[in-house]
Structure formats: C-alpha cells, structure tokens
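Asker: File name final-v3.pdb; file contents PDB, N, CA and C atoms; full text below.
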ATOM      1  N   MET R  36     157.266  53.140  92.014
ATOM      2  CA  MET R  36     156.117  53.882  91.576
ATOM      3  C   MET R  36     155.803  55.046  92.489
ATOM      4  N   PRO R  37     156.794  55.767  92.928
ATOM      5  CA  PRO R  37     156.501  56.930  93.756
ATOM      6  C   PRO R  37     155.769  58.030  92.993
ATOM      7  N   GLY R  38     155.890  58.059  91.696
ATOM      8  CA  GLY R  38     155.212  59.074  90.890
ATOM      9  C   GLY R  38     153.704  58.946  90.951
ATOM     10  N   VAL R  39     153.212  57.710  91.075
ATOM     11  CA  VAL R  39     151.766  57.475  91.148
ATOM     12  C   VAL R  39     151.198  58.072  92.433
ATOM     13  N   GLY R  40     151.913  57.923  93.547
ATOM     14  CA  GLY R  40     151.464  58.501  94.812
ATOM     15  C   GLY R  40     151.368  60.011  94.745
ATOM     16  N   ILE R  41     152.335  60.631  94.099
ATOM     17  CA  ILE R  41     152.307  62.092  93.937
ATOM     18  C   ILE R  41     151.141  62.500  93.041
ATOM     19  N   LEU R  42     150.899  61.703  91.989
ATOM     20  CA  LEU R  42     149.790  61.993  91.077
ATOM     21  C   LEU R  42     148.460  61.950  91.827
ATOM     22  N   PHE R  43     148.248  60.902  92.670
ATOM     23  CA  PHE R  43     147.013  60.810  93.445
ATOM     24  C   PHE R  43     146.901  61.951  94.465
ATOM     25  N   ALA R  44     148.007  62.364  95.039
ATOM     26  CA  ALA R  44     147.997  63.468  96.003
ATOM     27  C   ALA R  44     147.592  64.763  95.314
ATOM     28  N   VAL R  45     148.132  65.002  94.125
ATOM     29  CA  VAL R  45     147.783  66.220  93.379
ATOM     30  C   VAL R  45     146.323  66.167  92.939
ATOM     31  N   MET R  46     145.868  65.015  92.476
ATOM     32  CA  MET R  46     144.462  64.874  92.070
ATOM     33  C   MET R  46     143.532  65.069  93.260
ATOM     34  N   GLY R  47     143.938  64.563  94.431
ATOM     35  CA  GLY R  47     143.122  64.735  95.625
ATOM     36  C   GLY R  47     142.993  66.197  96.018
ATOM     37  N   GLN R  48     144.083  66.951  95.925
ATOM     38  CA  GLN R  48     144.052  68.379  96.250
ATOM     39  C   GLN R  48     143.210  69.137  95.225
ATOM     40  N   SER R  49     143.328  68.756  93.970
ATOM     41  CA  SER R  49     142.548  69.419  92.920
ATOM     42  C   SER R  49     141.061  69.150  93.112
ATOM     43  N   LEU R  50     140.746  67.899  93.410
ATOM     44  CA  LEU R  50     139.351  67.553  93.642
ATOM     45  C   LEU R  50     138.794  68.300  94.854
ATOM     46  N   ALA R  51     139.580  68.394  95.913
ATOM     47  CA  ALA R  51     139.149  69.128  97.105
ATOM     48  C   ALA R  51     138.928  70.597  96.781
ATOM     49  N   ALA R  52     139.800  71.185  95.970
ATOM     50  CA  ALA R  52     139.648  72.590  95.585
ATOM     51  C   ALA R  52     138.393  72.787  94.744
ATOM     52  N   ILE R  53     138.131  71.865  93.835
ATOM     53  CA  ILE R  53     136.930  71.965  92.984
ATOM     54  C   ILE R  53     135.667  71.875  93.837
ATOM     55  N   VAL R  54     135.624  70.923  94.732
ATOM     56  CA  VAL R  54     134.450  70.749  95.597
ATOM     57  C   VAL R  54     134.264  71.978  96.500
ATOM     58  N   ALA R  55     135.353  72.478  97.061
ATOM     59  CA  ALA R  55     135.263  73.659  97.922
ATOM     60  C   ALA R  55     134.751  74.871  97.143
ATOM     61  N   ASN R  56     135.218  75.056  95.914
ATOM     62  CA  ASN R  56     134.747  76.178  95.093
ATOM     63  C   ASN R  56     133.276  76.021  94.716
ATOM     64  N   LEU R  57     132.837  74.813  94.437
ATOM     65  CA  LEU R  57     131.422  74.594  94.136
ATOM     66  C   LEU R  57     130.541  74.910  95.335
ATOM     67  N   ILE R  58     130.945  74.444  96.499
ATOM     68  CA  ILE R  58     130.171  74.720  97.715
ATOM     69  C   ILE R  58     130.150  76.218  98.009
ATOM     70  N   GLY R  59     131.293  76.865  97.921
ATOM     71  CA  GLY R  59     131.353  78.311  98.148
ATOM     72  C   GLY R  59     130.506  79.077  97.151
ATOM     73  N   GLY R  60     130.547  78.660  95.892
ATOM     74  CA  GLY R  60     129.744  79.314  94.862
ATOM     75  C   GLY R  60     128.258  79.183  95.134
ATOM     76  N   LEU R  61     127.830  78.013  95.564
ATOM     77  CA  LEU R  61     126.411  77.816  95.884
ATOM     78  C   LEU R  61     125.978  78.665  97.073
ATOM     79  N   ILE R  62     126.834  78.758  98.064
ATOM     80  CA  ILE R  62     126.512  79.586  99.239
ATOM     81  C   ILE R  62     126.372  81.046  98.827
ATOM     82  N   PHE R  63     127.338  81.567  98.074
ATOM     83  CA  PHE R  63     127.265  82.964  97.653
ATOM     84  C   PHE R  63     126.108  83.208  96.705
ATOM     85  N   PHE R  64     125.774  82.230  95.872
ATOM     86  CA  PHE R  64     124.624  82.370  94.984
ATOM     87  C   PHE R  64     123.346  82.559  95.794
ATOM     88  N   ARG R  65     123.153  81.738  96.817
ATOM     89  CA  ARG R  65     121.951  81.837  97.649
ATOM     90  C   ARG R  65     121.907  83.146  98.432
ATOM     91  N   VAL R  66     123.049  83.578  98.943
ATOM     92  CA  VAL R  66     123.089  84.842  99.685
ATOM     93  C   VAL R  66     122.763  86.006  98.750
ATOM     94  N   ASP R  67     123.356  86.038  97.567
ATOM     95  CA  ASP R  67     123.053  87.098  96.607
ATOM     96  C   ASP R  67     121.597  87.054  96.181
ATOM     97  N   GLN R  68     121.079  85.867  95.975
ATOM     98  CA  GLN R  68     119.679  85.737  95.597
ATOM     99  C   GLN R  68     118.773  86.319  96.677
ATOM    100  N   PHE R  69     119.075  86.059  97.929
ATOM    101  CA  PHE R  69     118.290  86.618  99.027
ATOM    102  C   PHE R  69     118.396  88.140  99.046
ATOM    103  N   ILE R  70     119.598  88.661  98.894
ATOM    104  CA  ILE R  70     119.811  90.101  98.961
ATOM    105  C   ILE R  70     119.032  90.820  97.859
ATOM    106  N   PHE R  71     119.077  90.296  96.646
ATOM    107  CA  PHE R  71     118.483  91.014  95.527
ATOM    108  C   PHE R  71     117.012  90.717  95.305
ATOM    109  N   THR R  72     116.446  89.740  95.990
ATOM    110  CA  THR R  72     115.024  89.450  95.806
ATOM    111  C   THR R  72     114.211  89.625  97.080
ATOM    112  N   SER R  73     114.849  89.929  98.187
ATOM    113  CA  SER R  73     114.134  90.057  99.446
ATOM    114  C   SER R  73     113.298  91.323  99.459
ATOM    115  N   ARG R  74     112.058  91.183  99.885
ATOM    116  CA  ARG R  74     111.167  92.343  99.979
ATOM    117  C   ARG R  74     111.410  93.147 101.247
ATOM    118  N   SER R  75     112.036  92.553 102.220
ATOM    119  CA  SER R  75     112.153  93.200 103.518
ATOM    120  C   SER R  75     113.409  94.034 103.683
ATOM    121  N   LEU R  76     114.313  94.018 102.730
ATOM    122  CA  LEU R  76     115.592  94.698 102.925
ATOM    123  C   LEU R  76     115.543  96.190 102.627
ATOM    124  N   ALA R  77     114.857  96.591 101.601
ATOM    125  CA  ALA R  77     114.875  98.009 101.237
ATOM    126  C   ALA R  77     113.508  98.439 100.712
ATOM    127  N   ALA R  78     113.203  99.688 100.944
ATOM    128  CA  ALA R  78     111.962 100.250 100.427
ATOM    129  C   ALA R  78     112.106 100.467  98.919
ATOM    130  N   GLN R  79     111.029 100.237  98.194
ATOM    131  CA  GLN R  79     111.031 100.451  96.750
ATOM    132  C   GLN R  79     110.140 101.643  96.435
ATOM    133  N   TRP R  80     110.724 102.625  95.765
ATOM    134  CA  TRP R  80     110.026 103.834  95.413
ATOM    135  C   TRP R  80     109.833 103.915  93.903
ATOM    136  N   GLU R  81     108.784 104.608  93.476
ATOM    137  CA  GLU R  81     108.580 104.909  92.066
ATOM    138  C   GLU R  81     108.576 106.425  91.927
ATOM    139  N   VAL R  82     109.267 106.918  90.910
ATOM    140  CA  VAL R  82     109.376 108.354  90.687
ATOM    141  C   VAL R  82     108.927 108.652  89.257
ATOM    142  N   LYS R  83     108.078 109.669  89.096
ATOM    143  CA  LYS R  83     107.621 110.091  87.770
ATOM    144  C   LYS R  83     107.728 111.606  87.664
ATOM    145  N   GLU R  84     107.974 112.064  86.464
ATOM    146  CA  GLU R  84     108.051 113.503  86.196
ATOM    147  C   GLU R  84     106.666 114.052  85.846
ATOM    148  N   ASN R  85     106.463 115.300  86.174
ATOM    149  CA  ASN R  85     105.265 116.059  85.792
ATOM    150  C   ASN R  85     103.955 115.359  86.155
ATOM    151  N   ILE R  86     103.807 115.087  87.417
ATOM    152  CA  ILE R  86     102.546 114.501  87.895
ATOM    153  C   ILE R  86     101.764 115.591  88.615
ATOM    154  N   SER R  87     100.508 115.331  88.836
ATOM    155  CA  SER R  87      99.686 116.200  89.654
ATOM    156  C   SER R  87      99.583 115.542  91.025
ATOM    157  N   CYS R  88     100.077 116.205  92.059
ATOM    158  CA  CYS R  88     100.114 115.663  93.417
ATOM    159  C   CYS R  88      98.690 115.336  93.882
ATOM    160  N   VAL R  89      98.508 114.144  94.438
ATOM    161  CA  VAL R  89      97.177 113.732  94.903
ATOM    162  C   VAL R  89      96.730 114.504  96.141
ATOM    163  N   ASP R  90      97.681 115.119  96.842
ATOM    164  CA  ASP R  90      97.323 115.868  98.052
ATOM    165  C   ASP R  90      97.101 117.350  97.786
ATOM    166  N   CYS R  91      98.042 117.991  97.104
ATOM    167  CA  CYS R  91      97.949 119.450  96.934
ATOM    168  C   CYS R  91      97.669 119.882  95.499
ATOM    169  N   GLY R  92      97.774 118.979  94.522
ATOM    170  CA  GLY R  92      97.477 119.308  93.139
ATOM    171  C   GLY R  92      98.622 119.936  92.370
ATOM    172  N   LYS R  93      99.732 120.192  93.016
ATOM    173  CA  LYS R  93     100.891 120.818  92.372
ATOM    174  C   LYS R  93     101.471 119.882  91.313
ATOM    175  N   VAL R  94     101.869 120.443  90.155
ATOM    176  CA  VAL R  94     102.507 119.662  89.101
ATOM    177  C   VAL R  94     104.008 119.704  89.344
ATOM    178  N   ALA R  95     104.575 118.522  89.569
ATOM    179  CA  ALA R  95     105.999 118.431  89.897
ATOM    180  C   ALA R  95     106.458 116.988  89.721
ATOM    181  N   ARG R  96     107.699 116.737  90.097
ATOM    182  CA  ARG R  96     108.185 115.356  90.139
ATOM    183  C   ARG R  96     107.419 114.642  91.239
ATOM    184  N   GLY R  97     106.943 113.431  90.938
ATOM    185  CA  GLY R  97     106.110 112.705  91.888
ATOM    186  C   GLY R  97     106.782 111.472  92.443
ATOM    187  N   TYR R  98     106.474 111.177  93.696
ATOM    188  CA  TYR R  98     107.043 110.033  94.398
ATOM    189  C   TYR R  98     105.914 109.208  94.987
ATOM    190  N   ARG R  99     106.132 107.892  95.001
ATOM    191  CA  ARG R  99     105.219 107.022  95.727
ATOM    192  C   ARG R  99     105.992 105.823  96.241
ATOM    193  N   LEU R 100     105.667 105.412  97.454
ATOM    194  CA  LEU R 100     106.264 104.224  98.040
ATOM    195  C   LEU R 100     105.504 103.022  97.504
ATOM    196  N   VAL R 101     106.223 102.109  96.860
ATOM    197  CA  VAL R 101     105.581 100.940  96.262
ATOM    198  C   VAL R 101     105.538  99.794  97.262
ATOM    199  N   ARG R 102     106.697  99.519  97.888
ATOM    200  CA  ARG R 102     106.759  98.356  98.775
ATOM    201  C   ARG R 102     107.819  98.589  99.843
ATOM    202  N   SER R 103     107.464  98.225 101.069
ATOM    203  CA  SER R 103     108.407  98.266 102.177
ATOM    204  C   SER R 103     107.856  97.409 103.308
ATOM    205  N   GLY R 104     108.533  96.312 103.597
ATOM    206  CA  GLY R 104     108.062  95.421 104.660
ATOM    207  C   GLY R 104     106.678  94.883 104.355
ATOM    208  N   ASP R 105     105.721  95.118 105.254
ATOM    209  CA  ASP R 105     104.347  94.645 105.060
ATOM    210  C   ASP R 105     103.523  95.584 104.176
ATOM    211  N   TYR R 106     104.047  96.763 103.905
ATOM    212  CA  TYR R 106     103.355  97.743 103.061
ATOM    213  C   TYR R 106     103.607  97.378 101.603
ATOM    214  N   ASP R 107     102.540  97.125 100.837
ATOM    215  CA  ASP R 107     102.709  96.724  99.443
ATOM    216  C   ASP R 107     101.599  97.328  98.590
ATOM    217  N   LYS R 108     101.955  98.287  97.775
ATOM    218  CA  LYS R 108     101.010  98.922  96.858
ATOM    219  C   LYS R 108     101.408  98.647  95.409
ATOM    220  N   SER R 109     102.106  97.519  95.175
ATOM    221  CA  SER R 109     102.597  97.215  93.837
ATOM    222  C   SER R 109     101.467  96.887  92.860
ATOM    223  N   ASN R 110     100.330  96.447  93.351
ATOM    224  CA  ASN R 110      99.198  96.120  92.473
ATOM    225  C   ASN R 110      98.118  97.193  92.510
ATOM    226  N   ASP R 111      98.448  98.373  92.963
ATOM    227  CA  ASP R 111      97.492  99.475  93.052
ATOM    228  C   ASP R 111      97.053  99.888  91.642
ATOM    229  N   ALA R 112      95.757  99.847  91.378
ATOM    230  CA  ALA R 112      95.235 100.173  90.048
ATOM    231  C   ALA R 112      95.404 101.651  89.716
ATOM    232  N   ALA R 113      95.282 102.501  90.717
ATOM    233  CA  ALA R 113      95.416 103.942  90.503
ATOM    234  C   ALA R 113      96.421 104.498  91.516
ATOM    235  N   PRO R 114      97.718 104.346  91.247
ATOM    236  CA  PRO R 114      98.721 104.797  92.220
ATOM    237  C   PRO R 114      98.696 106.310  92.391
ATOM    238  N   GLY R 115      98.843 106.741  93.630
ATOM    239  CA  GLY R 115      98.845 108.166  93.930
ATOM    240  C   GLY R 115     100.266 108.687  94.123
ATOM    241  N   PHE R 116     100.656 109.597  93.263
ATOM    242  CA  PHE R 116     101.980 110.213  93.373
ATOM    243  C   PHE R 116     101.859 111.532  94.116
ATOM    244  N   ARG R 117     102.889 111.860  94.877
ATOM    245  CA  ARG R 117     102.905 113.088  95.661
ATOM    246  C   ARG R 117     104.142 113.907  95.319
ATOM    247  N   CYS R 118     104.007 115.223  95.425
ATOM    248  CA  CYS R 118     105.167 116.092  95.258
ATOM    249  C   CYS R 118     106.129 115.830  96.432
ATOM    250  N   GLU R 119     107.306 116.408  96.367
ATOM    251  CA  GLU R 119     108.306 116.125  97.400
ATOM    252  C   GLU R 119     107.825 116.509  98.794
ATOM    253  N   GLU R 120     107.197 117.660  98.933
ATOM    254  CA  GLU R 120     106.729 118.117 100.246
ATOM    255  C   GLU R 120     105.653 117.184 100.815
ATOM    256  N   CYS R 121     104.669 116.847  99.992
ATOM    257  CA  CYS R 121     103.590 115.969 100.456
ATOM    258  C   CYS R 121     104.093 114.545 100.674
ATOM    259  N   SER R 122     105.081 114.138  99.889
ATOM    260  CA  SER R 122     105.670 112.809 100.059
ATOM    261  C   SER R 122     106.368 112.696 101.412
ATOM    262  N   LYS R 123     107.035 113.772 101.819
ATOM    263  CA  LYS R 123     107.692 113.769 103.130
ATOM    264  C   LYS R 123     106.662 113.658 104.255
ATOM    265  N   LYS R 124     105.536 114.369 104.111
ATOM    266  CA  LYS R 124     104.476 114.289 105.116
ATOM    267  C   LYS R 124     103.888 112.878 105.179
ATOM    268  N   LYS R 125     103.633 112.281 104.015
ATOM    269  CA  LYS R 125     103.080 110.924 103.955
ATOM    270  C   LYS R 125     104.079 109.922 104.542
ATOM    271  N   THR R 126     105.362 110.126 104.272
ATOM    272  CA  THR R 126     106.400 109.247 104.810
ATOM    273  C   THR R 126     106.389 109.277 106.327
ATOM    274  N   GLU R 127     106.253 110.457 106.910
ATOM    275  CA  GLU R 127     106.195 110.566 108.375
ATOM    276  C   GLU R 127     104.949 109.869 108.924
ATOM    277  N   THR R 128     103.832 109.975 108.209
ATOM    278  CA  THR R 128     102.603 109.292 108.619
ATOM    279  C   THR R 128     102.810 107.777 108.616
ATOM    280  N   LEU R 129     103.453 107.265 107.567
ATOM    281  CA  LEU R 129     103.714 105.836 107.484
ATOM    282  C   LEU R 129     104.667 105.382 108.580
ATOM    283  N   ARG R 130     105.677 106.195 108.861
ATOM    284  CA  ARG R 130     106.605 105.863 109.960
ATOM    285  C   ARG R 130     105.856 105.791 111.280
ATOM    286  N   GLY R 131     104.900 106.688 111.471
ATOM    287  CA  GLY R 131     104.102 106.676 112.683
ATOM    288  C   GLY R 131     103.265 105.417 112.825
ATOM    289  N   LYS R 132     102.954 104.784 111.689
ATOM    290  CA  LYS R 132     102.209 103.526 111.706
ATOM    291  C   LYS R 132     103.135 102.309 111.830
ATOM    292  N   GLY R 133     104.441 102.567 111.926
ATOM    293  CA  GLY R 133     105.399 101.477 112.117
ATOM    294  C   GLY R 133     105.962 100.884 110.838
ATOM    295  N   ILE R 134     105.744 101.547 109.713
ATOM    296  CA  ILE R 134     106.269 101.062 108.437
ATOM    297  C   ILE R 134     107.666 101.621 108.236
ATOM    298  N   LYS R 135     108.627 100.745 107.934
ATOM    299  CA  LYS R 135     110.004 101.173 107.724
ATOM    300  C   LYS R 135     110.108 101.846 106.356
ATOM    301  N   VAL R 136     110.490 103.110 106.364
ATOM    302  CA  VAL R 136     110.639 103.881 105.126
ATOM    303  C   VAL R 136     112.034 104.485 105.127
ATOM    304  N   GLU R 137     112.760 104.298 104.029
ATOM    305  CA  GLU R 137     114.124 104.825 103.954
ATOM    306  C   GLU R 137     114.238 105.907 102.925
TER     307      GLU R 137
END
Show me this structure written as structure tokens.

Answerer:
Amino acid sequence: MPGVGILFAVMGQSLAAIVANLIGGLIFFRVDQFIFTSRSLAAQWEVKENISCVDCGKVARGYRLVRSGDYDKSNDAAPGFRCEECSKKKTETLRGKGIKVE
C-alpha cells in the first residue's frame, strides 16, 4: 500500500497550501482594509467648480480640506470653499498649527 502513503502526503501538502493561502488572504484583507479606511493616512479634499471664495469673493474652482489627522470638517453644515490662492494661504496656516496637509 505505498500508494496510500503518497496520497496522504499529497493531501497534506494541499491542505497546508490551502491553510497558508487562507491565512495570507486574511492578513492582506486586514492590511488593505486599514489602508483604504484609515483617516490618518491621507488628507481628503473636496473640489467644486464655480464657487465664490469665502476669503476674497472670487468666482473660481473651489477647494476645501475635509479631513486630515485630527482636523475633521466632514460634518460642517456650511463648508467654506476657497480659490486656489486663498486655499494655499489657508493650507500654510493649518500647517503652522501642526495639521498634516498634503
């Protein structure tokens, strides 16, 4: 019955491969989940066309930082959009306060 021993050896290797792939899949699933749902990894911006800048009043493409680290304006009832120039100034102000802005 040497064939039975070979059969068990092949089944053992197959089972080990299946278990290893399941464990690897779970690890990568958790890592991807962290990357794509983490609030601390990247700043989230909102961009709108033809807004009136809250700082200078110019009508242009508007930018606002929604979330970055501890900064969170996602529930802001009246979000303030800024033109590119004023957005750069506001970004520098936020950086000066220690908020990571990319």

Asker: With 3 Å on each side, where is the centre of the axis-aligned box around all listed atoms of range 50-59 of chain R, and how long are its edges in Å to one decimal, as lines of an AutoDock Vina configuration file?

Answerer:
center_x = 135.4
center_y = 73.3
center_z = 95.6
size_x = 16.6
size_y = 17.5
size_z = 11.2

Asker: By how many Å are atom N of Leu100 in chain R and atom N of Arg65 in chain R apart?

Answerer: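 Separation of atom N of Leu100 in chain R and atom N of Arg65 in chain R: 29.4 Å.
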
Asker: Using only C-alpha atoms, which protein or nucleic acid residues come within 8 Å of Gln79 in chain R? Drop anything in the same chain fewer than 3 positions from it, and give the result as a list in words.

Answerer: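 Close residues of Gln79 in chain R: Leu100, Val101, Arg102 and Ser103 of chain R.
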
Asker: Hey, what comes out of the PyMOL selection byres (((chain R and resi 81-88 and name CA) around 10) and name CA) on this file? Could you write it as a PyMOL selection string?

Answerer: chain R and resi 79-80+89-102+109+114-122

Asker: Can you write out the residues you just picked, keeping N, CA and C atoms, as an mmCIF file, in the coordinates of the input?

Answerer:
data_model
loop_
_atom_site.group_PDB
_atom_site.id
_atom_site.type_symbol
_atom_site.label_atom_id
_atom_site.label_comp_id
_atom_site.auth_asym_id
_atom_site.auth_seq_id
_atom_site.Cartn_x
_atom_site.Cartn_y
_atom_site.Cartn_z
ATOM 1 N N GLN R 79 111.029 100.237 98.194
ATOM 2 C CA GLN R 79 111.031 100.451 96.750
ATOM 3 C C GLN R 79 110.140 101.643 96.435
ATOM 4 N N TRP R 80 110.724 102.625 95.765
ATOM 5 C CA TRP R 80 110.026 103.834 95.413
ATOM 6 C C TRP R 80 109.833 103.915 93.903
ATOM 7 N N VAL R 89 98.508 114.144 94.438
ATOM 8 C CA VAL R 89 97.177 113.732 94.903
ATOM 9 C C VAL R 89 96.730 114.504 96.141
ATOM 10 N N ASP R 90 97.681 115.119 96.842
ATOM 11 C CA ASP R 90 97.323 115.868 98.052
ATOM 12 C C ASP R 90 97.101 117.350 97.786
ATOM 13 N N CYS R 91 98.042 117.991 97.104
ATOM 14 C CA CYS R 91 97.949 119.450 96.934
ATOM 15 C C CYS R 91 97.669 119.882 95.499
ATOM 16 N N GLY R 92 97.774 118.979 94.522
ATOM 17 C CA GLY R 92 97.477 119.308 93.139
ATOM 18 C C GLY R 92 98.622 119.936 92.370
ATOM 19 N N LYS R 93 99.732 120.192 93.016
ATOM 20 C CA LYS R 93 100.891 120.818 92.372
ATOM 21 C C LYS R 93 101.471 119.882 91.313
ATOM 22 N N VAL R 94 101.869 120.443 90.155
ATOM 23 C CA VAL R 94 102.507 119.662 89.101
ATOM 24 C C VAL R 94 104.008 119.704 89.344
ATOM 25 N N ALA R 95 104.575 118.522 89.569
ATOM 26 C CA ALA R 95 105.999 118.431 89.897
ATOM 27 C C ALA R 95 106.458 116.988 89.721
ATOM 28 N N ARG R 96 107.699 116.737 90.097
ATOM 29 C CA ARG R 96 108.185 115.356 90.139
ATOM 30 C C ARG R 96 107.419 114.642 91.239
ATOM 31 N N GLY R 97 106.943 113.431 90.938
ATOM 32 C CA GLY R 97 106.110 112.705 91.888
ATOM 33 C C GLY R 97 106.782 111.472 92.443
ATOM 34 N N TYR R 98 106.474 111.177 93.696
ATOM 35 C CA TYR R 98 107.043 110.033 94.398
ATOM 36 C C TYR R 98 105.914 109.208 94.987
ATOM 37 N N ARG R 99 106.132 107.892 95.001
ATOM 38 C CA ARG R 99 105.219 107.022 95.727
ATOM 39 C C ARG R 99 105.992 105.823 96.241
ATOM 40 N N LEU R 100 105.667 105.412 97.454
ATOM 41 C CA LEU R 100 106.264 104.224 98.040
ATOM 42 C C LEU R 100 105.504 103.022 97.504
ATOM 43 N N VAL R 101 106.223 102.109 96.860
ATOM 44 C CA VAL R 101 105.581 100.940 96.262
ATOM 45 C C VAL R 101 105.538 99.794 97.262
ATOM 46 N N ARG R 102 106.697 99.519 97.888
ATOM 47 C CA ARG R 102 106.759 98.356 98.775
ATOM 48 C C ARG R 102 107.819 98.589 99.843
ATOM 49 N N SER R 109 102.106 97.519 95.175
ATOM 50 C CA SER R 109 102.597 97.215 93.837
ATOM 51 C C SER R 109 101.467 96.887 92.860
ATOM 52 N N PRO R 114 97.718 104.346 91.247
ATOM 53 C CA PRO R 114 98.721 104.797 92.220
ATOM 54 C C PRO R 114 98.696 106.310 92.391
ATOM 55 N N GLY R 115 98.843 106.741 93.630
ATOM 56 C CA GLY R 115 98.845 108.166 93.930
ATOM 57 C C GLY R 115 100.266 108.687 94.123
ATOM 58 N N PHE R 116 100.656 109.597 93.263
ATOM 59 C CA PHE R 116 101.980 110.213 93.373
ATOM 60 C C PHE R 116 101.859 111.532 94.116
ATOM 61 N N ARG R 117 102.889 111.860 94.877
ATOM 62 C CA ARG R 117 102.905 113.088 95.661
ATOM 63 C C ARG R 117 104.142 113.907 95.319
ATOM 64 N N CYS R 118 104.007 115.223 95.425
ATOM 65 C CA CYS R 118 105.167 116.092 95.258
ATOM 66 C C CYS R 118 106.129 115.830 96.432
ATOM 67 N N GLU R 119 107.306 116.408 96.367
ATOM 68 C CA GLU R 119 108.306 116.125 97.400
ATOM 69 C C GLU R 119 107.825 116.509 98.794
ATOM 70 N N GLU R 120 107.197 117.660 98.933
ATOM 71 C CA GLU R 120 106.729 118.117 100.246
ATOM 72 C C GLU R 120 105.653 117.184 100.815
ATOM 73 N N CYS R 121 104.669 116.847 99.992
ATOM 74 C CA CYS R 121 103.590 115.969 100.456
ATOM 75 C C CYS R 121 104.093 114.545 100.674
ATOM 76 N N SER R 122 105.081 114.138 99.889
ATOM 77 C CA SER R 122 105.670 112.809 100.059
ATOM 78 C C SER R 122 106.368 112.696 101.412
#

Asker: Got a sec to resolve the PyMOL selection byres ((chain R and resi 135) around 8) on this structure and send the residues as a ChimeraX atom specification?

Answerer: /R:77-78,102-106,129-134,136-137

Asker: With N, CA and C atoms kept, could you save the residues just selected as a compact mmCIF listing (two decimals), in the coordinates of the input?

Answerer:
# COMPACT_ATOMS: atom_id res chain seq x y z
N ALA R 77 114.86 96.59 101.60
CA ALA R 77 114.88 98.01 101.24
C ALA R 77 113.51 98.44 100.71
N ALA R 78 113.20 99.69 100.94
CA ALA R 78 111.96 100.25 100.43
C ALA R 78 112.11 100.47 98.92
N ARG R 102 106.70 99.52 97.89
CA ARG R 102 106.76 98.36 98.78
C ARG R 102 107.82 98.59 99.84
N SER R 103 107.46 98.22 101.07
CA SER R 103 108.41 98.27 102.18
C SER R 103 107.86 97.41 103.31
N GLY R 104 108.53 96.31 103.60
CA GLY R 104 108.06 95.42 104.66
C GLY R 104 106.68 94.88 104.36
N ASP R 105 105.72 95.12 105.25
CA ASP R 105 104.35 94.64 105.06
C ASP R 105 103.52 95.58 104.18
N TYR R 106 104.05 96.76 103.90
CA TYR R 106 103.36 97.74 103.06
C TYR R 106 103.61 97.38 101.60
N LEU R 129 103.45 107.26 107.57
CA LEU R 129 103.71 105.84 107.48
C LEU R 129 104.67 105.38 108.58
N ARG R 130 105.68 106.20 108.86
CA ARG R 130 106.60 105.86 109.96
C ARG R 130 105.86 105.79 111.28
N GLY R 131 104.90 106.69 111.47
CA GLY R 131 104.10 106.68 112.68
C GLY R 131 103.26 105.42 112.82
N LYS R 132 102.95 104.78 111.69
CA LYS R 132 102.21 103.53 111.71
C LYS R 132 103.14 102.31 111.83
N GLY R 133 104.44 102.57 111.93
CA GLY R 133 105.40 101.48 112.12
C GLY R 133 105.96 100.88 110.84
N ILE R 134 105.74 101.55 109.71
CA ILE R 134 106.27 101.06 108.44
C ILE R 134 107.67 101.62 108.24
N VAL R 136 110.49 103.11 106.36
CA VAL R 136 110.64 103.88 105.13
C VAL R 136 112.03 104.48 105.13
N GLU R 137 112.76 104.30 104.03
CA GLU R 137 114.12 104.82 103.95
C GLU R 137 114.24 105.91 102.92

Asker: Running DSSP on the backbone, which parts of chain R land in strand (DSSP E or B), as number ranges by chain?

Answerer: R: 79-87, 94-103, 106-107, 117

Asker: Quick one: distance from atom C of Ala113 in chain R to atom N of Thr126 in chain R in Å, one decimal?

Answerer: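 Pair atom C of Ala113 in chain R / atom N of Thr126 in chain R returns 16.6 Å.
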
Asker: What is the distance, in Å and to one decimal place, between atom N of Phe64 in chain R and atom N of Asp107 in chain R?

Answerer: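 Taking atom N of Phe64 in chain R as the start and atom N of Asp107 in chain R as the end point, the length is 28.0 Å.
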
Asker: Since the input has fewer atoms than a full residue there, write range 113-120 of chain R out with N, CA, C and O atoms, as a tab-separated table (two decimals), in the coordinates of the input.

Answerer:
chain	number	residue	atom	x	y	z
R	113	ALA	N	95.28	102.50	90.72
R	113	ALA	CA	95.42	103.94	90.50
R	113	ALA	C	96.42	104.50	91.52
R	113	ALA	O	96.02	105.05	92.54
R	114	PRO	N	97.72	104.35	91.25
R	114	PRO	CA	98.72	104.80	92.22
R	114	PRO	C	98.70	106.31	92.39
R	114	PRO	O	98.51	107.06	91.43
R	115	GLY	N	98.84	106.74	93.63
R	115	GLY	CA	98.84	108.17	93.93
R	115	GLY	C	100.27	108.69	94.12
R	115	GLY	O	100.96	108.27	95.04
R	116	PHE	N	100.66	109.60	93.26
R	116	PHE	CA	101.98	110.21	93.37
R	116	PHE	C	101.86	111.53	94.12
R	116	PHE	O	100.86	112.24	94.00
R	117	ARG	N	102.89	111.86	94.88
R	117	ARG	CA	102.90	113.09	95.66
R	117	ARG	C	104.14	113.91	95.32
R	117	ARG	O	105.19	113.34	95.01
R	118	CYS	N	104.01	115.22	95.42
R	118	CYS	CA	105.17	116.09	95.26
R	118	CYS	C	106.13	115.83	96.43
R	118	CYS	O	105.79	115.12	97.37
R	119	GLU	N	107.31	116.41	96.37
R	119	GLU	CA	108.31	116.12	97.40
R	119	GLU	C	107.82	116.51	98.79
R	119	GLU	O	108.00	115.75	99.75
R	120	GLU	N	107.20	117.66	98.93
R	120	GLU	CA	106.73	118.12	100.25
R	120	GLU	C	105.65	117.18	100.82
R	120	GLU	O	105.72	116.77	101.98
